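Some notes on the structure that comes next.
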Amino acid sequence: MATRTQARTAVVQMLYALDLGNDDMTKQSNEYLDERKIKGAKHEFADSLFQGVLEHLNEIDEVIKSHLTKEWDFSRLDKVDKAILRLAVFEILFTDLAYQVVINESVEIAKLLSSENSTRFINGMLDKIAKEKEK
């Protein structure tokens with residue numbers, strides 16, 4: 001049985017594929033999750049995250065952009081890092097999960113899919129966003 005981390009990782013991979021231009025991913029998301037043995041409640045969890053990110057994508061991207069330095073343009077973000085950030089920002093802003101859990105999960109996914117520099121970047125960015133929301 002899949003874990004929530006595995007469900008989130010699959011969502012990040014689907015968001016990454018979408019960002020690369022695989023527009024069919026929105027239609028194939030159920031098949032993709034099934035192939036990764038994400039079933040039952042975890043499947044519903046992953047699907048709700050994926051659909052939620054898509055529904056709020058413009059708002060999520062604006063939050064990410066507003067936390068980038070002037071020297072760092074949104075288009076320069078690594079696509080894997082962008083997918084991780086999109087999922088995490090959705091969870092921070094639109095779910096009741098504790099932001100500490102979301103940040104920890106995001107860092108763990110970054111360790112799996114991205115670089116060591118990315119883990120620090122993602123951790124710092126999400127910490128700022130979460131603390132700003134708490135105000």
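Residues in the structure tokens are numbered from 1 in each chain, the chains being A, B, ... in the order shown, and ligands are numbered from 1 in the order shown.
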List every residue of range 63-122 of chain A that has an atom at most 8 Å from any atom of range 11-28 of chain A, and for each one report the closest atom pair and its distance in Å to one decimal, counting only C-alpha atoms, with rows sorted by chain and then by increasing residue number, as a Markdown table.
```
| residue | atom | partner | partner_atom | distance |
| --- | --- | --- | --- | --- |
| A:Lys79 | CA | A:Tyr16 | CA | 6.2 |
| A:Val80 | CA | A:Tyr16 | CA | 5.9 |
| A:Lys82 | CA | A:Tyr16 | CA | 7.9 |
| A:Ala83 | CA | A:Val12 | CA | 5.3 |
| A:Ile84 | CA | A:Val12 | CA | 5.7 |
| A:Leu87 | CA | A:Val12 | CA | 6.9 |
```
Quick one: write out the picked residues with all heavy atoms as a tab-separated table (two decimals), in the first residue's frame?
```tsv
chain	number	residue	atom	x	y	z
A	79	LYS	N	12.25	22.64	-13.29
A	79	LYS	CA	10.86	22.17	-13.41
A	79	LYS	C	10.46	21.21	-12.30
A	79	LYS	O	9.31	21.22	-11.86
A	79	LYS	CB	10.64	21.55	-14.79
A	79	LYS	CG	10.65	22.60	-15.90
A	79	LYS	CD	10.23	22.01	-17.21
A	79	LYS	CE	10.31	22.99	-18.36
A	79	LYS	NZ	9.64	24.24	-18.19
A	80	VAL	N	11.38	20.40	-11.80
A	80	VAL	CA	11.07	19.52	-10.68
A	80	VAL	C	10.82	20.36	-9.42
A	80	VAL	O	9.85	20.15	-8.69
A	80	VAL	CB	12.19	18.48	-10.44
A	80	VAL	CG1	11.94	17.69	-9.16
A	80	VAL	CG2	12.32	17.54	-11.62
A	82	LYS	N	9.89	23.42	-9.30
A	82	LYS	CA	8.63	24.15	-9.50
A	82	LYS	C	7.44	23.26	-9.16
A	82	LYS	O	6.49	23.69	-8.50
A	82	LYS	CB	8.53	24.65	-10.94
A	82	LYS	CG	7.39	25.61	-11.17
A	82	LYS	CD	7.22	25.98	-12.64
A	82	LYS	CE	8.43	26.63	-13.24
A	82	LYS	NZ	8.23	27.03	-14.65
A	83	ALA	N	7.48	22.01	-9.59
A	83	ALA	CA	6.39	21.08	-9.30
A	83	ALA	C	6.27	20.83	-7.79
A	83	ALA	O	5.16	20.82	-7.24
A	83	ALA	CB	6.60	19.76	-10.04
A	84	ILE	N	7.41	20.67	-7.12
A	84	ILE	CA	7.41	20.46	-5.67
A	84	ILE	C	6.83	21.69	-4.97
A	84	ILE	O	5.99	21.58	-4.07
A	84	ILE	CB	8.83	20.15	-5.15
A	84	ILE	CG1	9.31	18.80	-5.70
A	84	ILE	CG2	8.88	20.16	-3.62
A	84	ILE	CD1	10.79	18.52	-5.49
A	87	LEU	N	2.96	22.06	-5.46
A	87	LEU	CA	2.20	21.16	-4.59
A	87	LEU	C	2.22	21.66	-3.15
A	87	LEU	O	1.19	21.76	-2.48
A	87	LEU	CB	2.74	19.73	-4.66
A	87	LEU	CG	2.13	18.74	-3.67
A	87	LEU	CD1	0.61	18.65	-3.85
A	87	LEU	CD2	2.78	17.39	-3.81
```
Contacts of Glu91 in chain A at 12 Å (only C-alpha atoms; same-chain gap of 2+ positions) as JSON, numbers by chain: {"A": [8, 45, 46, 48, 49, 50, 51, 52, 53, 56, 60, 84, 85, 86, 87, 88, 89, 93, 94, 95, 96, 97, 98, 99, 100, 101, 102, 103, 105, 106, 126, 129, 130, 133]}
Residue list (helix (DSSP H, G or I), DSSP) for chain A, as a PyMOL selection string: chain A and resi 4-19+25-35+40-55+57-66+74-76+79-94+99-113+116-134
Å distance separating CA of Leu113 in chain A from CA of Asp78 in chain A, one decimal place: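 Atom-to-atom, CA of Leu113 in chain A to CA of Asp78 in chain A, that is 11.2 Å.
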Just the residues within 8 Å of Lys42 in chain A, please, counting only C-alpha atoms, with nothing from its chain fewer than 3 positions along; format it as a CSV table (one decimal) with C-alpha atoms, in the first residue's frame.
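After the write, result-v6.csv holds the following:
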```csv
chain,number,residue,atom,x,y,z
A,2,ALA,CA,1.3,3.4,-0.9
A,3,THR,CA,2.2,6.1,1.6
A,4,ARG,CA,1.2,9.8,1.5
A,7,ALA,CA,1.2,9.8,-3.3
A,38,ILE,CA,-1.6,4.3,-5.3
A,39,LYS,CA,-5.1,3.1,-4.5
A,45,PHE,CA,-5.7,12.1,-1.6
A,46,ALA,CA,-3.3,12.3,-4.6
```
Gap from CA of Val63 in chain A to CA of Ser118 in chain A - Å, one decimal: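 We find that CA of Val63 in chain A and CA of Ser118 in chain A lie 18.1 Å from each other.
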Gap from CA of Thr69 in chain A to CA of Ser115 in chain A - Å, one decimal: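 Answer for the CA of Thr69 in chain A to CA of Ser115 in chain A separation: 19.8 Å.
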Which of A:Glu116, A:Lys135, A:Glu108, A:Glu59 sits closest to Gln6 in chain A [using only C-alpha atoms]: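 Among the listed residues, the smallest separation from Gln6 in chain A belongs to A:Glu108.
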From A:Lys37, A:Arg120, A:Lys111, A:Lys128, residue lying nearest His67 in chain A [only C-alpha atoms]: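 That would be A:Lys128, the residue with the smallest distance to His67 in chain A.
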Counting only C-alpha atoms, the residue of A:Ala10, A:Ile92, A:Leu57, A:Val107 that sits nearest His43 in chain A: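 Of the candidates, the smallest distance to His43 in chain A is held by A:Ala10.
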